[in-house]
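Structure file data13.cif (mmCIF, N, CA and C atoms) is printed below.
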```cif
data_query
loop_
_atom_site.label_atom_id
_atom_site.label_comp_id
_atom_site.auth_asym_id
_atom_site.auth_seq_id
_atom_site.Cartn_x
_atom_site.Cartn_y
_atom_site.Cartn_z
N MET A 1 -191.59 62.88 -4.59
CA MET A 1 -190.82 61.92 -5.37
C MET A 1 -189.52 61.58 -4.63
N ASN A 2 -189.25 60.29 -4.45
CA ASN A 2 -188.01 59.87 -3.80
C ASN A 2 -186.86 59.97 -4.79
N VAL A 3 -185.78 60.58 -4.35
CA VAL A 3 -184.59 60.69 -5.18
C VAL A 3 -183.66 59.53 -4.83
N ALA A 4 -183.17 58.86 -5.86
CA ALA A 4 -182.26 57.73 -5.63
C ALA A 4 -181.00 58.21 -4.93
N LYS A 5 -180.58 57.44 -3.99
CA LYS A 5 -179.33 57.73 -3.28
C LYS A 5 -178.19 57.06 -4.01
N GLY A 6 -176.98 57.28 -3.52
CA GLY A 6 -175.81 56.63 -4.09
C GLY A 6 -175.62 55.26 -3.47
N LEU A 7 -174.36 54.91 -3.23
CA LEU A 7 -174.07 53.62 -2.59
C LEU A 7 -174.52 53.66 -1.14
N ILE A 8 -175.23 52.62 -0.72
CA ILE A 8 -175.70 52.58 0.67
C ILE A 8 -175.05 51.45 1.48
N ARG A 9 -174.41 50.50 0.80
CA ARG A 9 -173.62 49.48 1.50
C ARG A 9 -172.51 49.03 0.57
N ILE A 10 -171.35 48.84 1.15
CA ILE A 10 -170.24 48.29 0.39
C ILE A 10 -169.48 47.33 1.31
N VAL A 11 -169.10 46.18 0.76
CA VAL A 11 -168.35 45.18 1.51
C VAL A 11 -167.02 44.98 0.78
N LEU A 12 -165.93 45.21 1.51
CA LEU A 12 -164.59 45.18 0.93
C LEU A 12 -163.71 44.14 1.62
N ASP A 13 -162.89 43.47 0.84
CA ASP A 13 -161.86 42.59 1.35
C ASP A 13 -160.57 43.42 1.32
N ILE A 14 -160.00 43.66 2.50
CA ILE A 14 -158.86 44.58 2.62
C ILE A 14 -157.69 43.88 3.29
N LEU A 15 -156.50 44.17 2.78
CA LEU A 15 -155.26 43.74 3.42
C LEU A 15 -154.64 44.97 4.06
N LYS A 16 -154.34 44.89 5.36
CA LYS A 16 -153.77 46.03 6.07
C LYS A 16 -152.66 45.59 7.01
N PRO A 17 -151.74 46.49 7.33
CA PRO A 17 -150.73 46.16 8.34
C PRO A 17 -151.41 46.05 9.72
N HIS A 18 -150.70 45.50 10.70
CA HIS A 18 -151.28 45.35 12.04
C HIS A 18 -151.63 46.71 12.65
N GLU A 19 -150.87 47.74 12.30
CA GLU A 19 -151.17 49.09 12.78
C GLU A 19 -151.74 49.90 11.64
N PRO A 20 -152.82 50.62 11.79
CA PRO A 20 -153.54 50.83 13.04
C PRO A 20 -154.34 49.58 13.43
N ILE A 21 -154.57 49.46 14.73
CA ILE A 21 -155.36 48.33 15.20
C ILE A 21 -156.79 48.46 14.68
N ILE A 22 -157.48 47.35 14.59
CA ILE A 22 -158.81 47.31 13.98
C ILE A 22 -159.79 48.31 14.60
N PRO A 23 -159.87 48.46 15.94
CA PRO A 23 -160.81 49.45 16.49
C PRO A 23 -160.53 50.88 15.99
N SER A 24 -159.27 51.24 15.91
CA SER A 24 -158.91 52.58 15.41
C SER A 24 -159.27 52.72 13.94
N PHE A 25 -159.03 51.67 13.17
CA PHE A 25 -159.34 51.69 11.74
C PHE A 25 -160.85 51.84 11.53
N ALA A 26 -161.64 51.12 12.32
CA ALA A 26 -163.10 51.21 12.22
C ALA A 26 -163.59 52.61 12.54
N LYS A 27 -163.06 53.20 13.59
CA LYS A 27 -163.46 54.55 13.98
C LYS A 27 -163.09 55.55 12.90
N TYR A 28 -161.89 55.41 12.35
CA TYR A 28 -161.43 56.28 11.27
C TYR A 28 -162.38 56.21 10.07
N LEU A 29 -162.71 54.99 9.65
CA LEU A 29 -163.61 54.84 8.50
C LEU A 29 -165.02 55.35 8.80
N SER A 30 -165.46 55.21 10.04
CA SER A 30 -166.82 55.63 10.40
C SER A 30 -166.98 57.15 10.35
N GLU A 31 -165.86 57.88 10.38
CA GLU A 31 -165.91 59.33 10.36
C GLU A 31 -165.91 59.92 8.95
N LEU A 32 -165.84 59.07 7.92
CA LEU A 32 -165.90 59.56 6.54
C LEU A 32 -167.30 60.07 6.22
N ASN A 33 -167.39 61.01 5.30
CA ASN A 33 -168.68 61.57 4.89
C ASN A 33 -169.62 60.48 4.39
N GLY A 34 -170.86 60.52 4.84
CA GLY A 34 -171.89 59.60 4.36
C GLY A 34 -171.91 58.25 5.05
N VAL A 35 -170.96 57.99 5.94
CA VAL A 35 -170.88 56.68 6.59
C VAL A 35 -171.67 56.69 7.89
N ASP A 36 -172.65 55.78 7.99
CA ASP A 36 -173.44 55.65 9.22
C ASP A 36 -172.88 54.58 10.14
N GLY A 37 -172.24 53.56 9.56
CA GLY A 37 -171.71 52.49 10.39
C GLY A 37 -170.66 51.67 9.65
N VAL A 38 -169.78 51.05 10.44
CA VAL A 38 -168.69 50.23 9.91
C VAL A 38 -168.62 48.95 10.73
N ASN A 39 -168.51 47.82 10.04
CA ASN A 39 -168.33 46.54 10.70
C ASN A 39 -167.06 45.92 10.12
N ILE A 40 -166.12 45.53 10.98
CA ILE A 40 -164.89 44.91 10.51
C ILE A 40 -164.75 43.53 11.14
N THR A 41 -164.51 42.54 10.27
CA THR A 41 -164.29 41.17 10.72
C THR A 41 -162.89 40.74 10.30
N LEU A 42 -162.11 40.24 11.26
CA LEU A 42 -160.78 39.72 10.97
C LEU A 42 -160.93 38.35 10.32
N MET A 43 -160.38 38.21 9.10
CA MET A 43 -160.52 36.96 8.37
C MET A 43 -159.27 36.09 8.50
N GLU A 44 -158.10 36.75 8.48
CA GLU A 44 -156.84 36.02 8.54
C GLU A 44 -155.76 36.96 9.03
N ILE A 45 -154.80 36.40 9.73
CA ILE A 45 -153.70 37.22 10.27
C ILE A 45 -152.39 36.47 10.02
N ASP A 46 -151.36 37.23 9.65
CA ASP A 46 -150.04 36.63 9.56
C ASP A 46 -149.03 37.52 10.26
N LYS A 47 -147.77 37.29 10.03
CA LYS A 47 -146.72 37.99 10.77
C LYS A 47 -146.78 39.51 10.60
N GLU A 48 -147.10 39.99 9.39
CA GLU A 48 -147.05 41.42 9.12
C GLU A 48 -148.38 42.06 8.76
N THR A 49 -149.37 41.27 8.35
CA THR A 49 -150.61 41.86 7.84
C THR A 49 -151.86 41.17 8.41
N GLU A 50 -152.98 41.83 8.19
CA GLU A 50 -154.29 41.30 8.54
C GLU A 50 -155.18 41.40 7.31
N ASN A 51 -155.92 40.35 7.06
CA ASN A 51 -156.93 40.37 6.01
C ASN A 51 -158.27 40.58 6.71
N ILE A 52 -158.96 41.65 6.37
CA ILE A 52 -160.21 41.98 7.05
C ILE A 52 -161.34 42.17 6.04
N LYS A 53 -162.56 41.89 6.49
CA LYS A 53 -163.76 42.18 5.71
C LYS A 53 -164.38 43.41 6.33
N VAL A 54 -164.56 44.46 5.53
CA VAL A 54 -165.11 45.72 6.01
C VAL A 54 -166.47 45.95 5.35
N THR A 55 -167.50 46.08 6.17
CA THR A 55 -168.83 46.42 5.68
C THR A 55 -169.13 47.84 6.13
N MET A 56 -169.46 48.69 5.16
CA MET A 56 -169.78 50.09 5.45
C MET A 56 -171.19 50.37 4.95
N GLN A 57 -171.93 51.10 5.77
CA GLN A 57 -173.29 51.44 5.40
C GLN A 57 -173.53 52.92 5.64
N GLY A 58 -174.35 53.52 4.79
CA GLY A 58 -174.67 54.94 4.92
C GLY A 58 -175.65 55.37 3.84
N ASP A 59 -175.89 56.66 3.76
CA ASP A 59 -176.84 57.18 2.78
C ASP A 59 -176.23 57.42 1.41
N ASP A 60 -174.95 57.77 1.38
CA ASP A 60 -174.33 58.13 0.10
C ASP A 60 -172.82 57.93 0.23
N LEU A 61 -172.40 56.67 0.21
CA LEU A 61 -170.98 56.35 0.37
C LEU A 61 -170.20 56.76 -0.87
N ASP A 62 -169.04 57.35 -0.65
CA ASP A 62 -168.17 57.80 -1.73
C ASP A 62 -167.03 56.80 -1.87
N PHE A 63 -167.11 55.94 -2.88
CA PHE A 63 -166.12 54.87 -3.05
C PHE A 63 -164.71 55.43 -3.21
N ASP A 64 -164.56 56.52 -3.95
CA ASP A 64 -163.23 57.11 -4.14
C ASP A 64 -162.65 57.60 -2.82
N GLU A 65 -163.48 58.26 -2.01
CA GLU A 65 -163.02 58.75 -0.70
C GLU A 65 -162.66 57.58 0.21
N ILE A 66 -163.45 56.52 0.18
CA ILE A 66 -163.19 55.34 1.00
C ILE A 66 -161.87 54.70 0.59
N THR A 67 -161.67 54.54 -0.71
CA THR A 67 -160.43 53.95 -1.23
C THR A 67 -159.22 54.77 -0.80
N LYS A 68 -159.31 56.07 -0.95
CA LYS A 68 -158.20 56.96 -0.57
C LYS A 68 -157.91 56.85 0.92
N ALA A 69 -158.95 56.81 1.75
CA ALA A 69 -158.78 56.71 3.20
C ALA A 69 -158.10 55.40 3.59
N ILE A 70 -158.50 54.31 2.95
CA ILE A 70 -157.90 53.00 3.23
C ILE A 70 -156.42 53.01 2.86
N GLU A 71 -156.12 53.56 1.70
CA GLU A 71 -154.72 53.61 1.25
C GLU A 71 -153.88 54.52 2.14
N GLU A 72 -154.45 55.63 2.61
CA GLU A 72 -153.71 56.53 3.52
C GLU A 72 -153.37 55.84 4.83
N TYR A 73 -154.16 54.87 5.22
CA TYR A 73 -153.91 54.13 6.45
C TYR A 73 -153.07 52.88 6.21
N GLY A 74 -152.54 52.73 4.98
CA GLY A 74 -151.66 51.62 4.68
C GLY A 74 -152.33 50.36 4.18
N GLY A 75 -153.64 50.43 3.95
CA GLY A 75 -154.37 49.25 3.49
C GLY A 75 -154.51 49.23 1.98
N SER A 76 -154.92 48.07 1.46
CA SER A 76 -155.22 47.96 0.03
C SER A 76 -156.45 47.08 -0.14
N ILE A 77 -157.29 47.46 -1.08
CA ILE A 77 -158.52 46.71 -1.36
C ILE A 77 -158.19 45.53 -2.26
N HIS A 78 -158.48 44.32 -1.77
CA HIS A 78 -158.29 43.12 -2.59
C HIS A 78 -159.47 42.90 -3.51
N SER A 79 -160.67 43.12 -2.98
CA SER A 79 -161.85 42.94 -3.81
C SER A 79 -163.03 43.70 -3.23
N VAL A 80 -163.96 44.01 -4.10
CA VAL A 80 -165.25 44.59 -3.70
C VAL A 80 -166.22 43.41 -3.73
N ASP A 81 -166.67 42.98 -2.55
CA ASP A 81 -167.45 41.75 -2.45
C ASP A 81 -168.96 41.97 -2.53
N GLU A 82 -169.42 43.17 -2.21
CA GLU A 82 -170.85 43.47 -2.31
C GLU A 82 -171.01 44.97 -2.42
N VAL A 83 -171.98 45.38 -3.24
CA VAL A 83 -172.33 46.79 -3.37
C VAL A 83 -173.84 46.88 -3.42
N VAL A 84 -174.40 47.82 -2.65
CA VAL A 84 -175.83 48.08 -2.70
C VAL A 84 -176.01 49.56 -2.98
N ALA A 85 -176.84 49.88 -3.96
CA ALA A 85 -177.10 51.27 -4.31
C ALA A 85 -178.61 51.48 -4.39
N GLY A 86 -179.03 52.71 -4.24
CA GLY A 86 -180.45 53.03 -4.37
C GLY A 86 -181.02 53.68 -3.14
N LYS A 87 -182.34 53.57 -2.98
CA LYS A 87 -183.04 54.23 -1.89
C LYS A 87 -183.18 53.34 -0.67
N GLN A 88 -183.09 52.03 -0.86
CA GLN A 88 -183.24 51.12 0.29
C GLN A 88 -182.37 49.90 0.12
N LEU A 89 -182.09 49.27 1.24
CA LEU A 89 -181.26 48.08 1.27
C LEU A 89 -182.07 46.88 0.83
N ILE A 90 -181.56 46.14 -0.13
CA ILE A 90 -182.21 44.93 -0.60
C ILE A 90 -181.32 43.76 -0.21
N GLU A 91 -181.87 42.87 0.62
CA GLU A 91 -181.09 41.71 1.04
C GLU A 91 -181.13 40.65 -0.05
N GLU A 92 -180.03 39.90 -0.17
CA GLU A 92 -179.98 38.81 -1.12
C GLU A 92 -180.98 37.73 -0.70
N VAL A 93 -181.57 37.09 -1.67
CA VAL A 93 -182.49 35.99 -1.38
C VAL A 93 -181.93 34.71 -1.96
N THR A 94 -182.26 33.60 -1.34
CA THR A 94 -181.85 32.30 -1.84
C THR A 94 -182.90 31.82 -2.82
N THR A 95 -182.44 31.33 -3.96
CA THR A 95 -183.34 30.79 -4.97
C THR A 95 -183.11 29.29 -5.09
N PRO A 96 -184.02 28.55 -5.71
CA PRO A 96 -183.83 27.10 -5.84
C PRO A 96 -182.52 26.72 -6.53
N GLN A 97 -182.01 27.60 -7.40
CA GLN A 97 -180.77 27.31 -8.09
C GLN A 97 -179.57 27.37 -7.16
N ASP A 98 -179.71 28.07 -6.01
CA ASP A 98 -178.60 28.19 -5.06
C ASP A 98 -178.50 26.92 -4.32
#
```

Taking this structure as input, can you express it in the form of structure tokens?
Amino acid sequence: MNVAKGLIRIVLDILKPHEPIIPSFAKYLSELNGVDGVNITLMEIDKETENIKVTMQGDDLDFDEITKAIEEYGGSIHSVDEVVAGKQLIEEVTTPQD
């Protein structure tokens, strides 16, 4: 019997200071428990901050741990844009209404 997993993908809109630089931030997040991979896309930049989209994937992502890690690095979550939970990744499909 397959046991349901926890969160397996989460996409976050994050506002962070320029430091740490994005590669360091990605590496830091990738080392959290349950994280298999991290993808960060720079969405907007201004004088003091960067708005980034962070996609994290793994077997059992801990949202509370992720939130705490982001805040410890000076970032804040603006929104949770996508969440996938369960045993497998289900991609969104386009329907005629879209």

Legend entry - Which residue of A:Asn33, A:Glu91, A:Phe25, A:Gln97 approaches A:Asp59 most closely, using only N, CA and C atoms: A:Asn33

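Each of A:Ile77, A:Leu7, A:Glu82, A:Glu19 was compared to A:Glu48 using only C-alpha atoms, and A:Glu19 turns out to be the nearest.
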
Inset, instruction - Would you return as number ranges by chain the members of chain A that DSSP assigns to strand (DSSP E or B) on this structure's backbone? - result: A: 7-17, 35-45, 49-61, 76-85

Print the selection's residues with N, CA and C atoms to a file, as a short mmCIF file (atom, residue, chain, number, x, y, z; two decimals), in the coordinates of the input.
```
data_model
loop_
_atom_site.label_atom_id
_atom_site.label_comp_id
_atom_site.auth_asym_id
_atom_site.auth_seq_id
_atom_site.Cartn_x
_atom_site.Cartn_y
_atom_site.Cartn_z
N LEU A 7 -174.36 54.91 -3.23
CA LEU A 7 -174.07 53.62 -2.59
C LEU A 7 -174.52 53.66 -1.14
N ILE A 8 -175.23 52.62 -0.72
CA ILE A 8 -175.70 52.58 0.67
C ILE A 8 -175.05 51.45 1.48
N ARG A 9 -174.41 50.50 0.80
CA ARG A 9 -173.62 49.48 1.50
C ARG A 9 -172.51 49.03 0.57
N ILE A 10 -171.35 48.84 1.15
CA ILE A 10 -170.24 48.29 0.39
C ILE A 10 -169.48 47.33 1.31
N VAL A 11 -169.10 46.18 0.76
CA VAL A 11 -168.35 45.18 1.51
C VAL A 11 -167.02 44.98 0.78
N LEU A 12 -165.93 45.21 1.51
CA LEU A 12 -164.59 45.18 0.93
C LEU A 12 -163.71 44.14 1.62
N ASP A 13 -162.89 43.47 0.84
CA ASP A 13 -161.86 42.59 1.35
C ASP A 13 -160.57 43.42 1.32
N ILE A 14 -160.00 43.66 2.50
CA ILE A 14 -158.86 44.58 2.62
C ILE A 14 -157.69 43.88 3.29
N LEU A 15 -156.50 44.17 2.78
CA LEU A 15 -155.26 43.74 3.42
C LEU A 15 -154.64 44.97 4.06
N LYS A 16 -154.34 44.89 5.36
CA LYS A 16 -153.77 46.03 6.07
C LYS A 16 -152.66 45.59 7.01
N PRO A 17 -151.74 46.49 7.33
CA PRO A 17 -150.73 46.16 8.34
C PRO A 17 -151.41 46.05 9.72
N VAL A 35 -170.96 57.99 5.94
CA VAL A 35 -170.88 56.68 6.59
C VAL A 35 -171.67 56.69 7.89
N ASP A 36 -172.65 55.78 7.99
CA ASP A 36 -173.44 55.65 9.22
C ASP A 36 -172.88 54.58 10.14
N GLY A 37 -172.24 53.56 9.56
CA GLY A 37 -171.71 52.49 10.39
C GLY A 37 -170.66 51.67 9.65
N VAL A 38 -169.78 51.05 10.44
CA VAL A 38 -168.69 50.23 9.91
C VAL A 38 -168.62 48.95 10.73
N ASN A 39 -168.51 47.82 10.04
CA ASN A 39 -168.33 46.54 10.70
C ASN A 39 -167.06 45.92 10.12
N ILE A 40 -166.12 45.53 10.98
CA ILE A 40 -164.89 44.91 10.51
C ILE A 40 -164.75 43.53 11.14
N THR A 41 -164.51 42.54 10.27
CA THR A 41 -164.29 41.17 10.72
C THR A 41 -162.89 40.74 10.30
N LEU A 42 -162.11 40.24 11.26
CA LEU A 42 -160.78 39.72 10.97
C LEU A 42 -160.93 38.35 10.32
N MET A 43 -160.38 38.21 9.10
CA MET A 43 -160.52 36.96 8.37
C MET A 43 -159.27 36.09 8.50
N GLU A 44 -158.10 36.75 8.48
CA GLU A 44 -156.84 36.02 8.54
C GLU A 44 -155.76 36.96 9.03
N ILE A 45 -154.80 36.40 9.73
CA ILE A 45 -153.70 37.22 10.27
C ILE A 45 -152.39 36.47 10.02
N THR A 49 -149.37 41.27 8.35
CA THR A 49 -150.61 41.86 7.84
C THR A 49 -151.86 41.17 8.41
N GLU A 50 -152.98 41.83 8.19
CA GLU A 50 -154.29 41.30 8.54
C GLU A 50 -155.18 41.40 7.31
N ASN A 51 -155.92 40.35 7.06
CA ASN A 51 -156.93 40.37 6.01
C ASN A 51 -158.27 40.58 6.71
N ILE A 52 -158.96 41.65 6.37
CA ILE A 52 -160.21 41.98 7.05
C ILE A 52 -161.34 42.17 6.04
N LYS A 53 -162.56 41.89 6.49
CA LYS A 53 -163.76 42.18 5.71
C LYS A 53 -164.38 43.41 6.33
N VAL A 54 -164.56 44.46 5.53
CA VAL A 54 -165.11 45.72 6.01
C VAL A 54 -166.47 45.95 5.35
N THR A 55 -167.50 46.08 6.17
CA THR A 55 -168.83 46.42 5.68
C THR A 55 -169.13 47.84 6.13
N MET A 56 -169.46 48.69 5.16
CA MET A 56 -169.78 50.09 5.45
C MET A 56 -171.19 50.37 4.95
N GLN A 57 -171.93 51.10 5.77
CA GLN A 57 -173.29 51.44 5.40
C GLN A 57 -173.53 52.92 5.64
N GLY A 58 -174.35 53.52 4.79
CA GLY A 58 -174.67 54.94 4.92
C GLY A 58 -175.65 55.37 3.84
N ASP A 59 -175.89 56.66 3.76
CA ASP A 59 -176.84 57.18 2.78
C ASP A 59 -176.23 57.42 1.41
N ASP A 60 -174.95 57.77 1.38
CA ASP A 60 -174.33 58.13 0.10
C ASP A 60 -172.82 57.93 0.23
N LEU A 61 -172.40 56.67 0.21
CA LEU A 61 -170.98 56.35 0.37
C LEU A 61 -170.20 56.76 -0.87
N SER A 76 -154.92 48.07 1.46
CA SER A 76 -155.22 47.96 0.03
C SER A 76 -156.45 47.08 -0.14
N ILE A 77 -157.29 47.46 -1.08
CA ILE A 77 -158.52 46.71 -1.36
C ILE A 77 -158.19 45.53 -2.26
N HIS A 78 -158.48 44.32 -1.77
CA HIS A 78 -158.29 43.12 -2.59
C HIS A 78 -159.47 42.90 -3.51
N SER A 79 -160.67 43.12 -2.98
CA SER A 79 -161.85 42.94 -3.81
C SER A 79 -163.03 43.70 -3.23
N VAL A 80 -163.96 44.01 -4.10
CA VAL A 80 -165.25 44.59 -3.70
C VAL A 80 -166.22 43.41 -3.73
N ASP A 81 -166.67 42.98 -2.55
CA ASP A 81 -167.45 41.75 -2.45
C ASP A 81 -168.96 41.97 -2.53
N GLU A 82 -169.42 43.17 -2.21
CA GLU A 82 -170.85 43.47 -2.31
C GLU A 82 -171.01 44.97 -2.42
N VAL A 83 -171.98 45.38 -3.24
CA VAL A 83 -172.33 46.79 -3.37
C VAL A 83 -173.84 46.88 -3.42
N VAL A 84 -174.40 47.82 -2.65
CA VAL A 84 -175.83 48.08 -2.70
C VAL A 84 -176.01 49.56 -2.98
N ALA A 85 -176.84 49.88 -3.96
CA ALA A 85 -177.10 51.27 -4.31
C ALA A 85 -178.61 51.48 -4.39
#
```

May I have the centre and edge lengths, in Å to one decimal, of an axis-aligned box around the listed atoms of stretch 5-20 of chain A with 3 Å added to every side, as AutoDock Vina command-line options?
```
--center_x -165.6 --center_y 50.2 --center_z 4.7 --size_x 35.9 --size_y 21.1 --size_z 23.5
```

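Closest to A:Val11 among A:Gly37, A:Pro96, A:Pro23, A:Gly74 is A:Gly37, based on only C-alpha atoms.
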
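Atom CA of A:Asp64 is positioned 14.9 Å from atom CA of A:Glu31.
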
Legend entry - Within 6 Å of A:Ala85 using all atoms listed in the file, minus same-chain residues under 4 positions, as a ChimeraX atom specification: /A:5-9

Running the PyMOL selection byres ((chain A and resi 14) around 6.5) on this model by hand, what would come out? Give it as a compact mmCIF listing (two decimals) with N, CA and C atoms, keeping the file's coordinate frame.
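Output file expr-v8.txt follows:
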```txt
# COMPACT_ATOMS: atom_id res chain seq x y z
N LEU A 12 -165.93 45.21 1.51
CA LEU A 12 -164.59 45.18 0.93
C LEU A 12 -163.71 44.14 1.62
N ASP A 13 -162.89 43.47 0.84
CA ASP A 13 -161.86 42.59 1.35
C ASP A 13 -160.57 43.42 1.32
N LEU A 15 -156.50 44.17 2.78
CA LEU A 15 -155.26 43.74 3.42
C LEU A 15 -154.64 44.97 4.06
N LYS A 16 -154.34 44.89 5.36
CA LYS A 16 -153.77 46.03 6.07
C LYS A 16 -152.66 45.59 7.01
N GLU A 50 -152.98 41.83 8.19
CA GLU A 50 -154.29 41.30 8.54
C GLU A 50 -155.18 41.40 7.31
N ASN A 51 -155.92 40.35 7.06
CA ASN A 51 -156.93 40.37 6.01
C ASN A 51 -158.27 40.58 6.71
N ILE A 52 -158.96 41.65 6.37
CA ILE A 52 -160.21 41.98 7.05
C ILE A 52 -161.34 42.17 6.04
N LYS A 53 -162.56 41.89 6.49
CA LYS A 53 -163.76 42.18 5.71
C LYS A 53 -164.38 43.41 6.33
N VAL A 54 -164.56 44.46 5.53
CA VAL A 54 -165.11 45.72 6.01
C VAL A 54 -166.47 45.95 5.35
N GLY A 75 -153.64 50.43 3.95
CA GLY A 75 -154.37 49.25 3.49
C GLY A 75 -154.51 49.23 1.98
N SER A 76 -154.92 48.07 1.46
CA SER A 76 -155.22 47.96 0.03
C SER A 76 -156.45 47.08 -0.14
N ILE A 77 -157.29 47.46 -1.08
CA ILE A 77 -158.52 46.71 -1.36
C ILE A 77 -158.19 45.53 -2.26
N HIS A 78 -158.48 44.32 -1.77
CA HIS A 78 -158.29 43.12 -2.59
C HIS A 78 -159.47 42.90 -3.51
N SER A 79 -160.67 43.12 -2.98
CA SER A 79 -161.85 42.94 -3.81
C SER A 79 -163.03 43.70 -3.23
```

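Atom CA of A:Lys68 is found 14.6 Å from atom CA of A:Val35.
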
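Counting from atom CA of A:Val83, the distance to atom C of A:Asp46 is 28.5 Å.
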
Inset, instruction - Give the helix (DSSP H, G or I) residues of chain A, as assigned by DSSP on the backbone, as JSON, numbers by chain. - result: {"A": [22, 23, 24, 25, 26, 27, 28, 29, 30, 63, 64, 65, 66, 67, 68, 69, 70, 71, 72]}
